[in-house]
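The next block is run37.cif, given as mmCIF, C-alpha atoms.
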data_work
loop_
_atom_site.label_atom_id
_atom_site.label_comp_id
_atom_site.auth_asym_id
_atom_site.auth_seq_id
_atom_site.Cartn_x
_atom_site.Cartn_y
_atom_site.Cartn_z
CA MET L 1 27.23 135.49 110.09
CA THR L 2 26.21 133.15 112.87
CA THR L 3 28.30 133.12 116.03
CA THR L 4 28.48 130.77 118.96
CA SER L 5 27.45 131.97 122.39
CA THR L 6 30.19 132.61 124.94
CA GLN L 7 29.10 130.74 128.05
CA HIS L 8 32.51 130.02 129.58
CA HIS L 9 35.00 132.54 130.88
CA ASP L 10 37.59 131.66 128.27
CA GLU L 11 35.26 131.24 125.29
CA ASP L 12 36.00 133.23 122.13
CA ILE L 13 33.75 133.90 119.15
CA ALA L 14 34.14 131.01 116.70
CA PRO L 15 31.67 131.30 113.79
CA GLU L 16 32.82 128.02 112.26
CA LEU L 17 31.50 126.08 115.27
CA ALA L 18 27.91 127.23 114.67
CA GLU L 19 27.58 124.81 111.74
CA LEU L 20 28.48 121.90 114.00
CA HIS L 21 25.51 122.49 116.37
CA LEU L 22 27.43 121.49 119.49
CA GLU L 23 25.65 121.36 122.81
CA ASP L 24 27.39 122.97 125.78
CA ARG L 25 29.37 120.77 128.11
CA PRO L 26 29.94 121.52 131.81
CA ASP L 27 33.49 122.14 133.00
CA GLY L 28 33.33 119.76 135.99
CA PRO L 29 34.76 116.74 134.13
CA GLY L 30 37.52 118.94 132.69
CA ALA L 31 38.45 120.05 136.19
CA ALA L 32 38.49 116.39 137.30
CA MET L 33 40.98 115.56 134.53
CA MET L 34 43.31 118.39 135.52
CA ILE L 35 43.29 117.80 139.28
CA SER L 36 43.59 114.02 139.04
CA ALA L 37 46.74 114.21 136.89
CA GLY L 38 48.33 116.56 139.41
CA LEU L 39 47.25 114.32 142.30
CA GLY L 40 48.76 111.24 140.65
CA ILE L 41 52.11 112.99 140.28
CA PHE L 42 51.91 114.35 143.83
CA VAL L 43 51.30 110.86 145.29
CA LEU L 44 54.23 109.56 143.24
CA GLY L 45 56.55 112.26 144.60
CA PHE L 46 55.25 111.91 148.16
CA LEU L 47 55.76 108.15 148.20
CA THR L 48 59.24 108.56 146.70
CA VAL L 49 60.22 110.83 149.59
CA LEU L 50 58.44 108.61 152.11
CA ALA L 51 60.26 105.49 150.91
CA GLU L 52 63.56 107.32 151.32
CA ALA L 53 62.74 108.62 154.79
CA SER L 54 61.18 105.49 156.27
CA ALA L 55 62.56 101.96 156.02
CA GLY L 56 59.17 100.62 157.10
CA ALA L 57 57.37 102.48 154.32
CA LYS L 58 59.93 101.25 151.79
CA THR L 59 59.41 97.65 152.90
CA TRP L 60 55.64 98.06 152.62
CA LEU L 61 55.94 99.58 149.15
CA GLN L 62 58.15 96.66 148.09
CA LYS L 63 55.29 94.25 148.85
CA TRP L 64 53.45 95.62 145.81
CA GLU L 65 55.99 94.02 143.46
CA TRP L 66 54.37 90.56 143.75
CA GLY L 67 57.73 88.81 143.45
CA GLN L 68 58.71 90.53 140.19
CA GLY L 69 61.88 92.18 141.50
CA VAL L 70 60.70 95.73 140.97
CA GLY L 71 61.32 96.81 144.55
CA ALA L 72 59.65 99.82 146.17
CA LEU L 73 59.08 101.41 142.76
CA ALA L 74 56.21 98.94 142.32
CA GLY L 75 54.31 100.33 145.28
CA LYS L 76 55.04 103.96 144.47
CA THR L 77 53.86 103.72 140.87
CA THR L 78 50.91 101.39 141.51
CA LEU L 79 49.53 103.58 144.30
CA ALA L 80 50.12 106.76 142.28
CA SER L 81 48.27 105.22 139.33
CA LEU L 82 45.42 104.15 141.59
CA ALA L 83 45.25 107.64 143.09
CA TYR L 84 45.08 109.10 139.59
CA VAL L 85 42.34 106.77 138.35
CA VAL L 86 40.24 106.91 141.53
CA ALA L 87 40.47 110.72 141.74
CA LEU L 88 39.55 111.00 138.07
CA ILE L 89 36.48 108.80 138.43
CA VAL L 90 35.28 110.25 141.76
CA LEU L 91 35.71 113.90 140.75
CA TRP L 92 34.20 113.25 137.31
CA VAL L 93 31.10 111.66 138.89
CA ILE L 94 30.76 114.43 141.50
CA TRP L 95 31.22 117.24 138.98
CA ARG L 96 29.71 115.61 135.88
CA ALA L 97 26.92 118.15 135.53
CA LYS L 98 28.55 121.13 137.23
CA ASP L 99 30.44 124.13 135.97
CA VAL L 100 33.42 124.54 138.27
CA ASN L 101 36.22 127.10 138.09
CA LEU L 102 38.58 125.57 135.55
CA LYS L 103 41.37 128.07 136.21
CA MET L 104 41.32 127.17 139.89
CA ALA L 105 41.28 123.46 139.03
CA PHE L 106 44.24 123.91 136.72
CA CYS L 107 46.18 125.85 139.38
CA VAL L 108 45.49 123.12 141.95
CA GLY L 109 46.55 120.42 139.49
CA LEU L 110 49.64 122.38 138.50
CA ALA L 111 50.67 122.97 142.13
CA LEU L 112 50.21 119.29 142.98
CA GLY L 113 52.14 118.30 139.85
CA ILE L 114 55.06 120.60 140.60
CA LEU L 115 55.27 119.39 144.22
CA GLY L 116 55.16 115.80 143.00
CA ALA L 117 57.85 116.41 140.39
CA ILE L 118 60.09 117.94 143.05
CA GLY L 119 59.52 114.83 145.15
CA THR L 120 60.81 112.62 142.34
CA TYR L 121 64.02 114.64 141.89
CA PRO L 122 66.90 112.60 143.37
CA THR L 123 68.85 115.54 144.80
CA PHE L 124 65.71 116.42 146.77
CA PHE L 125 64.40 113.05 147.94
CA GLN L 126 67.87 111.71 148.79
CA LYS L 127 68.13 114.43 151.45
CA PHE L 128 65.50 112.45 153.39
CA ALA L 129 67.53 109.21 153.42
CA SER L 130 67.10 107.48 156.76
CA MET E 131 72.36 89.75 113.73
CA GLU E 132 70.29 88.82 116.74
CA LEU E 133 68.88 90.27 119.92
CA THR E 134 68.49 88.49 123.22
CA LEU E 135 65.12 88.49 124.96
CA ARG E 136 66.28 91.25 127.29
CA GLU E 137 67.65 93.35 124.45
CA THR E 138 64.42 92.88 122.54
CA TRP E 139 62.38 94.15 125.48
CA ALA E 140 64.77 97.08 125.93
CA VAL E 141 64.23 97.95 122.26
CA ILE E 142 60.43 97.64 122.57
CA HIS E 143 60.44 99.76 125.74
CA GLY E 144 62.79 102.49 124.59
CA LEU E 145 62.86 102.57 120.82
CA VAL E 146 59.56 101.24 119.45
CA LEU E 147 57.20 102.73 122.03
CA GLY E 148 59.37 105.84 122.41
CA THR E 149 59.28 106.53 118.67
CA LEU E 150 55.52 106.06 118.55
CA TYR E 151 55.08 108.43 121.48
CA LEU E 152 57.29 111.05 119.83
CA LEU E 153 55.40 110.83 116.54
CA ALA E 154 52.02 111.04 118.29
CA PHE E 155 53.21 113.99 120.39
CA ALA E 156 54.34 115.97 117.35
CA GLY E 157 51.06 115.34 115.54
CA ALA E 158 48.93 116.12 118.59
CA LEU E 159 50.80 119.34 119.35
CA ALA E 160 50.64 120.60 115.77
CA GLY E 161 46.94 119.75 115.47
CA LEU E 162 45.98 121.37 118.75
CA TRP E 163 48.14 124.45 118.21
CA SER E 164 46.36 125.39 115.01
CA LEU E 165 42.85 124.51 116.24
CA ARG E 166 41.82 128.13 116.61
CA PRO E 167 39.08 130.39 115.26
CA GLY E 168 39.62 131.70 111.76
CA LEU E 169 42.16 129.07 110.72
CA VAL E 170 39.90 126.13 109.91
CA THR E 171 36.41 125.68 108.47
CA ALA E 172 33.69 123.59 110.10
CA ALA E 173 34.51 120.73 107.73
CA GLY E 174 38.19 121.19 108.52
CA ILE E 175 37.52 121.01 112.25
CA LYS E 176 35.55 117.76 111.88
CA GLU E 177 38.27 116.22 109.75
CA ARG E 178 41.02 117.35 112.11
CA MET E 179 39.30 116.07 115.26
CA THR E 180 39.56 112.44 114.13
CA ARG E 181 43.32 112.79 113.79
CA LEU E 182 43.54 114.62 117.12
CA TYR E 183 41.59 111.90 118.94
CA LEU E 184 43.80 109.25 117.36
CA GLY E 185 47.05 111.12 118.08
CA PHE E 186 46.18 111.75 121.73
CA ALA E 187 44.92 108.18 122.20
CA VAL E 188 48.14 106.74 120.77
CA MET E 189 50.19 109.05 122.97
CA ALA E 190 48.33 108.05 126.13
CA ALA E 191 48.47 104.35 125.27
CA THR E 192 52.18 104.38 124.41
CA ALA E 193 52.96 106.36 127.59
CA TRP E 194 51.29 103.67 129.72
CA LEU E 195 52.87 100.80 127.78
CA THR E 196 56.31 102.42 128.02
CA VAL E 197 56.28 102.92 131.79
CA ILE E 198 54.66 99.55 132.49
CA SER E 199 57.12 97.63 130.30
CA GLY E 200 60.01 99.65 131.71
CA THR E 201 59.05 99.16 135.35
CA TRP E 202 57.78 95.59 135.30
CA VAL E 203 59.88 93.98 132.55
CA VAL E 204 63.17 95.81 131.96
CA TYR E 205 63.83 97.41 135.37
CA PRO E 206 64.01 94.12 137.34
CA TRP E 207 66.82 92.98 135.01
CA TYR E 208 68.59 96.30 135.46
CA ARG E 209 68.45 96.28 139.26
CA GLU E 210 69.34 92.65 140.05
CA LYS E 211 71.76 92.53 143.01
CA ILE E 212 74.02 89.68 141.91
CA ALA E 213 77.56 91.03 142.20
CA GLY E 214 77.73 90.98 146.00
CA ALA E 215 77.65 93.82 148.51
CA ASP E 216 81.10 95.02 147.41
CA PHE E 217 80.42 94.42 143.68
CA ALA E 218 83.37 92.00 143.60
CA LYS E 219 81.96 90.16 140.57
CA CYS E 220 82.12 93.36 138.52
CA ALA E 221 85.89 93.67 138.90
CA GLY E 222 87.72 93.94 135.60
CA LEU E 223 84.57 94.17 133.49
CA ASP E 224 84.01 96.68 130.69
CA LEU E 225 80.28 95.97 130.53
CA PRO E 226 77.64 94.33 132.75
CA SER E 227 77.59 90.52 132.66
CA ALA E 228 75.60 87.56 133.94
CA SER E 229 77.19 88.07 137.37
CA CYS E 230 77.12 91.90 137.39
CA SER E 231 73.83 93.64 136.56
CA PRO E 232 73.77 97.11 134.98
CA ARG E 233 72.98 98.61 138.40
CA ASP E 234 75.83 96.68 140.05
CA PHE E 235 78.13 97.72 137.21
CA LEU E 236 77.33 101.42 137.51
CA LEU E 237 77.64 101.46 141.31
CA SER E 238 80.93 99.55 141.24
CA ASN E 239 82.76 102.32 139.33
CA VAL E 240 84.95 99.66 137.68
CA SER E 241 84.70 101.47 134.35
CA GLY E 242 85.17 105.08 135.45
CA GLU E 243 82.95 107.34 137.51
CA THR E 244 79.64 105.68 136.70
CA GLU E 245 77.89 105.73 140.09
CA ARG E 246 76.01 108.97 139.38
CA TRP E 247 74.35 107.41 136.34
CA HIS E 248 72.44 105.26 138.78
CA GLU E 249 72.22 107.56 141.80
CA PHE E 250 70.90 110.49 139.78
CA GLY E 251 70.00 109.40 136.25
CA MET E 252 68.22 106.13 136.91
CA GLU E 253 66.66 107.31 140.17
CA TRP E 254 65.14 110.32 138.43
CA LYS E 255 64.12 108.51 135.27
CA GLU E 256 62.37 105.59 136.97
CA HIS E 257 60.16 107.93 138.99
CA VAL E 258 59.43 111.03 136.92
CA ALA E 259 58.62 109.09 133.74
CA TRP E 260 55.37 107.97 135.44
CA ALA E 261 54.10 111.55 135.22
CA ALA E 262 53.85 111.09 131.43
CA PRO E 263 50.90 108.66 131.35
CA PHE E 264 48.91 110.69 133.90
CA LEU E 265 49.34 113.90 131.92
CA ALA E 266 48.91 112.25 128.51
CA THR E 267 45.74 110.46 129.60
CA SER E 268 44.18 113.59 131.08
CA ALA E 269 45.14 115.58 127.98
CA PHE E 270 43.55 112.89 125.80
CA LEU E 271 40.36 112.90 127.88
CA LEU E 272 40.17 116.70 127.71
CA VAL E 273 40.43 116.62 123.93
CA LEU E 274 37.90 113.78 123.73
CA TYR E 275 35.44 115.48 126.09
CA TYR E 276 35.53 119.00 124.68
CA GLY E 277 36.26 118.04 121.06
CA PRO E 278 35.67 120.86 118.55
CA ARG E 279 34.66 123.18 121.42
CA LEU E 280 38.38 123.64 122.09
CA THR E 281 38.48 125.81 118.96
CA ALA E 282 36.67 128.60 120.77
CA ARG E 283 38.37 128.12 124.13
CA THR E 284 41.87 129.52 123.88
CA TRP E 285 42.72 129.23 127.58
CA LEU E 286 41.51 125.63 127.83
CA ARG E 287 43.36 124.68 124.66
CA THR E 288 46.52 126.20 126.10
CA THR E 289 46.17 124.20 129.32
CA VAL E 290 45.88 121.00 127.30
CA ILE E 291 49.07 121.98 125.48
CA VAL E 292 50.77 122.65 128.84
CA MET E 293 49.78 119.17 130.05
CA LEU E 294 50.88 117.66 126.75
CA VAL E 295 54.28 119.34 126.94
CA GLY E 296 54.63 118.51 130.65
CA GLY E 297 54.06 114.84 129.93
CA PHE E 298 56.50 115.02 127.04
CA ALA E 299 59.16 116.63 129.26
CA ALA E 300 58.80 113.78 131.76
CA ALA E 301 59.12 111.29 128.90
CA VAL E 302 62.21 113.09 127.60
CA VAL E 303 63.92 112.77 131.00
CA GLY E 304 63.05 109.07 131.02
CA GLY E 305 64.04 108.50 127.42
CA ALA E 306 67.27 110.48 127.48
CA PHE E 307 68.60 108.92 130.68
CA GLY E 308 67.43 105.52 129.48
CA ALA E 309 69.45 105.91 126.28
CA PHE E 310 72.56 107.18 128.10
CA ILE E 311 72.44 104.51 130.80
CA ASN E 312 71.88 101.76 128.25
CA LYS E 313 74.95 103.05 126.44
CA VAL E 314 77.15 102.93 129.56
CA ALA E 315 75.65 99.77 131.06
CA PRO E 316 73.48 97.92 128.52
CA ILE E 317 70.92 95.29 129.42
CA SER E 318 71.85 92.12 127.59
#
Whole structure, structure tokens version:
Amino acid sequence: MTTTSTQHHDEDIAPELAELHLEDRPDGPGAAMMISAGLGIFVLGFLTVLAEASAGAKTWLQKWEWGQGVGALAGKTTLASLAYVVALIVLWVIWRAKDVNLKMAFCVGLALGILGAIGTYPTFFQKFAS
Amino acid sequence: MELTLRETWAVIHGLVLGTLYLLAFAGALAGLWSLRPGLVTAAGIKERMTRLYLGFAVMAATAWLTVISGTWVVYPWYREKIAGADFAKCAGLDLPSASCSPRDFLLSNVSGETERWHEFGMEWKEHVAWAAPFLATSAFLLVLYYGPRLTARTWLRTTVIVMLVGGFAAAVVGGAFGAFINKVAPIS
């Protein structure tokens, strides 16, 4: 029975894949996807806390609503989305042909995501009210 | 039987897109969970991948459409400050009105202790729900990039499931508080 090679640290033997003749793919882009999601959430949480702590920051974030009545949420979510997309593209391009440590990338993304989620929790960010 | 424009958008945002997201999540989770060595043949993997790509794509798309429609269409109607600083125009009301927005209504406490629905529920929902599209999109891209290779990579497959469930949890917070708040102070 034919088996696939195990080139990545987490790769198991999967005989059924041999028939599909798949070429190997580097883990760099996968790491980019994990870290960028965490970064997007982190920026969202950070800006949520910042808007609560600083009236000036809140006013600046409100300018991103373009007259739609969304308030500071417009700036927080637009900037977080931009951070996510830009980080995804930049890291993907930098790591497109590289094998990076996926477990490390996942841990970084997870840590950023947890910090960001804490930042969006009202009981937490309302403690910073100016 | 009719819906106003605002009610229609609230239905699109919460019910239509939310239902699609839920369906796509269930399909994506089930498909990915069982994508493991020994359970499917090569032909089975190829057939399953099409459904997985579609399920994850629908989930990512609906997550973006839900938060964008919620933030840029429905939320401005919710948060209008039209009842005055002391919410005088909400006095005596059982529900929000043209002179008392849902936010004004909740903060006025004219219909019981409703302030926390805004201070905690809405404040949490409006922020954390945006984690869903980031996680759903990255999960979709991971599935698209690695494709059938995920069959042999147990750890990587598990991380995609973690991201999928994390995004779903954020969506549940948004969806659940959205449903409760729209029950107490509907947009109409």
query = When distances are computed from all atoms listed in the file, which of L:Leu91, L:Ala14, L:Val86, L:Leu102 shows the smallest separation from Asp27 in chain L?
reply = L:Leu102
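Note that CA of Tyr84 in chain L and CA of His8 in chain L are 26.4 Å apart.
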request  = Please evaluate the PyMOL selection byres ((chain E) within 8 of (chain L)) against the displayed coordinates and give the resulting residues as a PyMOL selection string.
outcome  = chain E and resi 167-168+170-172+201-202+205-206+209-210+249-250+253-254+256-258+260-261+264-265+268-269+271-272+275-276+278-279+281-286+289
query = Got a sec: who's within 6 Å of range 183-189 of chain E, counting all atoms listed in the file, leaving out chain neighbours fewer than 5 positions off, as number ranges by chain?
reply = E: 151, 154, 158, 270
Let me have the centre and edge lengths in Å, one decimal, of the box along x, y and z around every listed atom of range 256-263 of chain E with 8 Å of margin on each side, as lines of an AutoDock Vina configuration file.
center_x = 56.6
center_y = 108.6
center_z = 135.2
size_x = 27.5
size_y = 22.0
size_z = 23.6
Would you mind putting back N, CA and C atoms on range 162-191 of chain E, then writing it out as a PDB file, in the frame of the given file?
ATOM      1  N   LEU E 162      46.639 120.567 117.711  1.00  0.00           N
ATOM      2  CA  LEU E 162      45.980 121.370 118.750  1.00  0.00           C
ATOM      3  C   LEU E 162      46.370 122.839 118.649  1.00  0.00           C
ATOM      4  N   TRP E 163      47.635 123.077 118.308  1.00  0.00           N
ATOM      5  CA  TRP E 163      48.140 124.450 118.210  1.00  0.00           C
ATOM      6  C   TRP E 163      47.350 125.275 117.202  1.00  0.00           C
ATOM      7  N   SER E 164      47.018 124.642 116.091  1.00  0.00           N
ATOM      8  CA  SER E 164      46.360 125.390 115.010  1.00  0.00           C
ATOM      9  C   SER E 164      44.837 125.253 115.055  1.00  0.00           C
ATOM     10  N   LEU E 165      44.307 124.631 116.106  1.00  0.00           N
ATOM     11  CA  LEU E 165      42.850 124.510 116.240  1.00  0.00           C
ATOM     12  C   LEU E 165      42.311 125.791 116.876  1.00  0.00           C
ATOM     13  N   ARG E 166      42.254 126.833 116.085  1.00  0.00           N
ATOM     14  CA  ARG E 166      41.820 128.130 116.610  1.00  0.00           C
ATOM     15  C   ARG E 166      40.895 128.826 115.621  1.00  0.00           C
ATOM     16  N   PRO E 167      40.061 129.727 116.140  1.00  0.00           N
ATOM     17  CA  PRO E 167      39.080 130.390 115.260  1.00  0.00           C
ATOM     18  C   PRO E 167      39.749 131.098 114.086  1.00  0.00           C
ATOM     19  N   GLY E 168      39.123 130.978 112.933  1.00  0.00           N
ATOM     20  CA  GLY E 168      39.620 131.700 111.760  1.00  0.00           C
ATOM     21  C   GLY E 168      40.615 130.912 110.925  1.00  0.00           C
ATOM     22  N   LEU E 169      41.151 129.831 111.468  1.00  0.00           N
ATOM     23  CA  LEU E 169      42.160 129.070 110.720  1.00  0.00           C
ATOM     24  C   LEU E 169      41.577 127.861 110.004  1.00  0.00           C
ATOM     25  N   VAL E 170      40.484 127.325 110.527  1.00  0.00           N
ATOM     26  CA  VAL E 170      39.900 126.130 109.910  1.00  0.00           C
ATOM     27  C   VAL E 170      38.391 126.299 109.749  1.00  0.00           C
ATOM     28  N   THR E 171      37.858 125.652 108.700  1.00  0.00           N
ATOM     29  CA  THR E 171      36.410 125.680 108.470  1.00  0.00           C
ATOM     30  C   THR E 171      35.747 124.608 109.344  1.00  0.00           C
ATOM     31  N   ALA E 172      34.423 124.608 109.335  1.00  0.00           N
ATOM     32  CA  ALA E 172      33.690 123.590 110.100  1.00  0.00           C
ATOM     33  C   ALA E 172      34.066 122.194 109.609  1.00  0.00           C
ATOM     34  N   ALA E 173      34.127 122.039 108.280  1.00  0.00           N
ATOM     35  CA  ALA E 173      34.510 120.730 107.730  1.00  0.00           C
ATOM     36  C   ALA E 173      35.941 120.388 108.125  1.00  0.00           C
ATOM     37  N   GLY E 174      36.790 121.401 108.137  1.00  0.00           N
ATOM     38  CA  GLY E 174      38.190 121.190 108.520  1.00  0.00           C
ATOM     39  C   GLY E 174      38.320 120.772 109.975  1.00  0.00           C
ATOM     40  N   ILE E 175      37.485 121.368 110.826  1.00  0.00           N
ATOM     41  CA  ILE E 175      37.520 121.010 112.250  1.00  0.00           C
ATOM     42  C   ILE E 175      37.114 119.545 112.427  1.00  0.00           C
ATOM     43  N   LYS E 176      36.027 119.140 111.751  1.00  0.00           N
ATOM     44  CA  LYS E 176      35.550 117.760 111.880  1.00  0.00           C
ATOM     45  C   LYS E 176      36.617 116.764 111.412  1.00  0.00           C
ATOM     46  N   GLU E 177      37.245 117.118 110.294  1.00  0.00           N
ATOM     47  CA  GLU E 177      38.270 116.220 109.750  1.00  0.00           C
ATOM     48  C   GLU E 177      39.474 116.158 110.670  1.00  0.00           C
ATOM     49  N   ARG E 178      39.840 117.282 111.250  1.00  0.00           N
ATOM     50  CA  ARG E 178      41.020 117.350 112.110  1.00  0.00           C
ATOM     51  C   ARG E 178      40.797 116.622 113.437  1.00  0.00           C
ATOM     52  N   MET E 179      39.556 116.664 113.954  1.00  0.00           N
ATOM     53  CA  MET E 179      39.300 116.070 115.260  1.00  0.00           C
ATOM     54  C   MET E 179      39.590 114.572 115.275  1.00  0.00           C
ATOM     55  N   THR E 180      39.291 113.886 114.179  1.00  0.00           N
ATOM     56  CA  THR E 180      39.560 112.440 114.130  1.00  0.00           C
ATOM     57  C   THR E 180      41.045 112.174 114.338  1.00  0.00           C
ATOM     58  N   ARG E 181      41.873 112.973 113.645  1.00  0.00           N
ATOM     59  CA  ARG E 181      43.320 112.790 113.790  1.00  0.00           C
ATOM     60  C   ARG E 181      43.781 113.164 115.197  1.00  0.00           C
ATOM     61  N   LEU E 182      43.169 114.213 115.761  1.00  0.00           N
ATOM     62  CA  LEU E 182      43.540 114.620 117.120  1.00  0.00           C
ATOM     63  C   LEU E 182      43.198 113.526 118.136  1.00  0.00           C
ATOM     64  N   TYR E 183      41.986 112.972 118.023  1.00  0.00           N
ATOM     65  CA  TYR E 183      41.590 111.900 118.940  1.00  0.00           C
ATOM     66  C   TYR E 183      42.576 110.732 118.829  1.00  0.00           C
ATOM     67  N   LEU E 184      42.905 110.383 117.594  1.00  0.00           N
ATOM     68  CA  LEU E 184      43.800 109.250 117.360  1.00  0.00           C
ATOM     69  C   LEU E 184      45.200 109.556 117.922  1.00  0.00           C
ATOM     70  N   GLY E 185      45.704 110.740 117.624  1.00  0.00           N
ATOM     71  CA  GLY E 185      47.050 111.120 118.080  1.00  0.00           C
ATOM     72  C   GLY E 185      47.145 111.118 119.601  1.00  0.00           C
ATOM     73  N   PHE E 186      46.156 111.709 120.262  1.00  0.00           N
ATOM     74  CA  PHE E 186      46.180 111.750 121.730  1.00  0.00           C
ATOM     75  C   PHE E 186      45.984 110.357 122.332  1.00  0.00           C
ATOM     76  N   ALA E 187      45.142 109.546 121.694  1.00  0.00           N
ATOM     77  CA  ALA E 187      44.920 108.180 122.200  1.00  0.00           C
ATOM     78  C   ALA E 187      46.208 107.367 122.091  1.00  0.00           C
ATOM     79  N   VAL E 188      46.887 107.479 120.954  1.00  0.00           N
ATOM     80  CA  VAL E 188      48.140 106.740 120.770  1.00  0.00           C
ATOM     81  C   VAL E 188      49.170 107.214 121.781  1.00  0.00           C
ATOM     82  N   MET E 189      49.215 108.514 122.016  1.00  0.00           N
ATOM     83  CA  MET E 189      50.190 109.050 122.970  1.00  0.00           C
ATOM     84  C   MET E 189      49.918 108.518 124.378  1.00  0.00           C
ATOM     85  N   ALA E 190      48.660 108.547 124.793  1.00  0.00           N
ATOM     86  CA  ALA E 190      48.330 108.050 126.130  1.00  0.00           C
ATOM     87  C   ALA E 190      48.633 106.561 126.243  1.00  0.00           C
ATOM     88  N   ALA E 191      48.253 105.809 125.223  1.00  0.00           N
ATOM     89  CA  ALA E 191      48.470 104.350 125.270  1.00  0.00           C
ATOM     90  C   ALA E 191      49.964 104.017 125.300  1.00  0.00           C
TER      91      ALA E 191
END
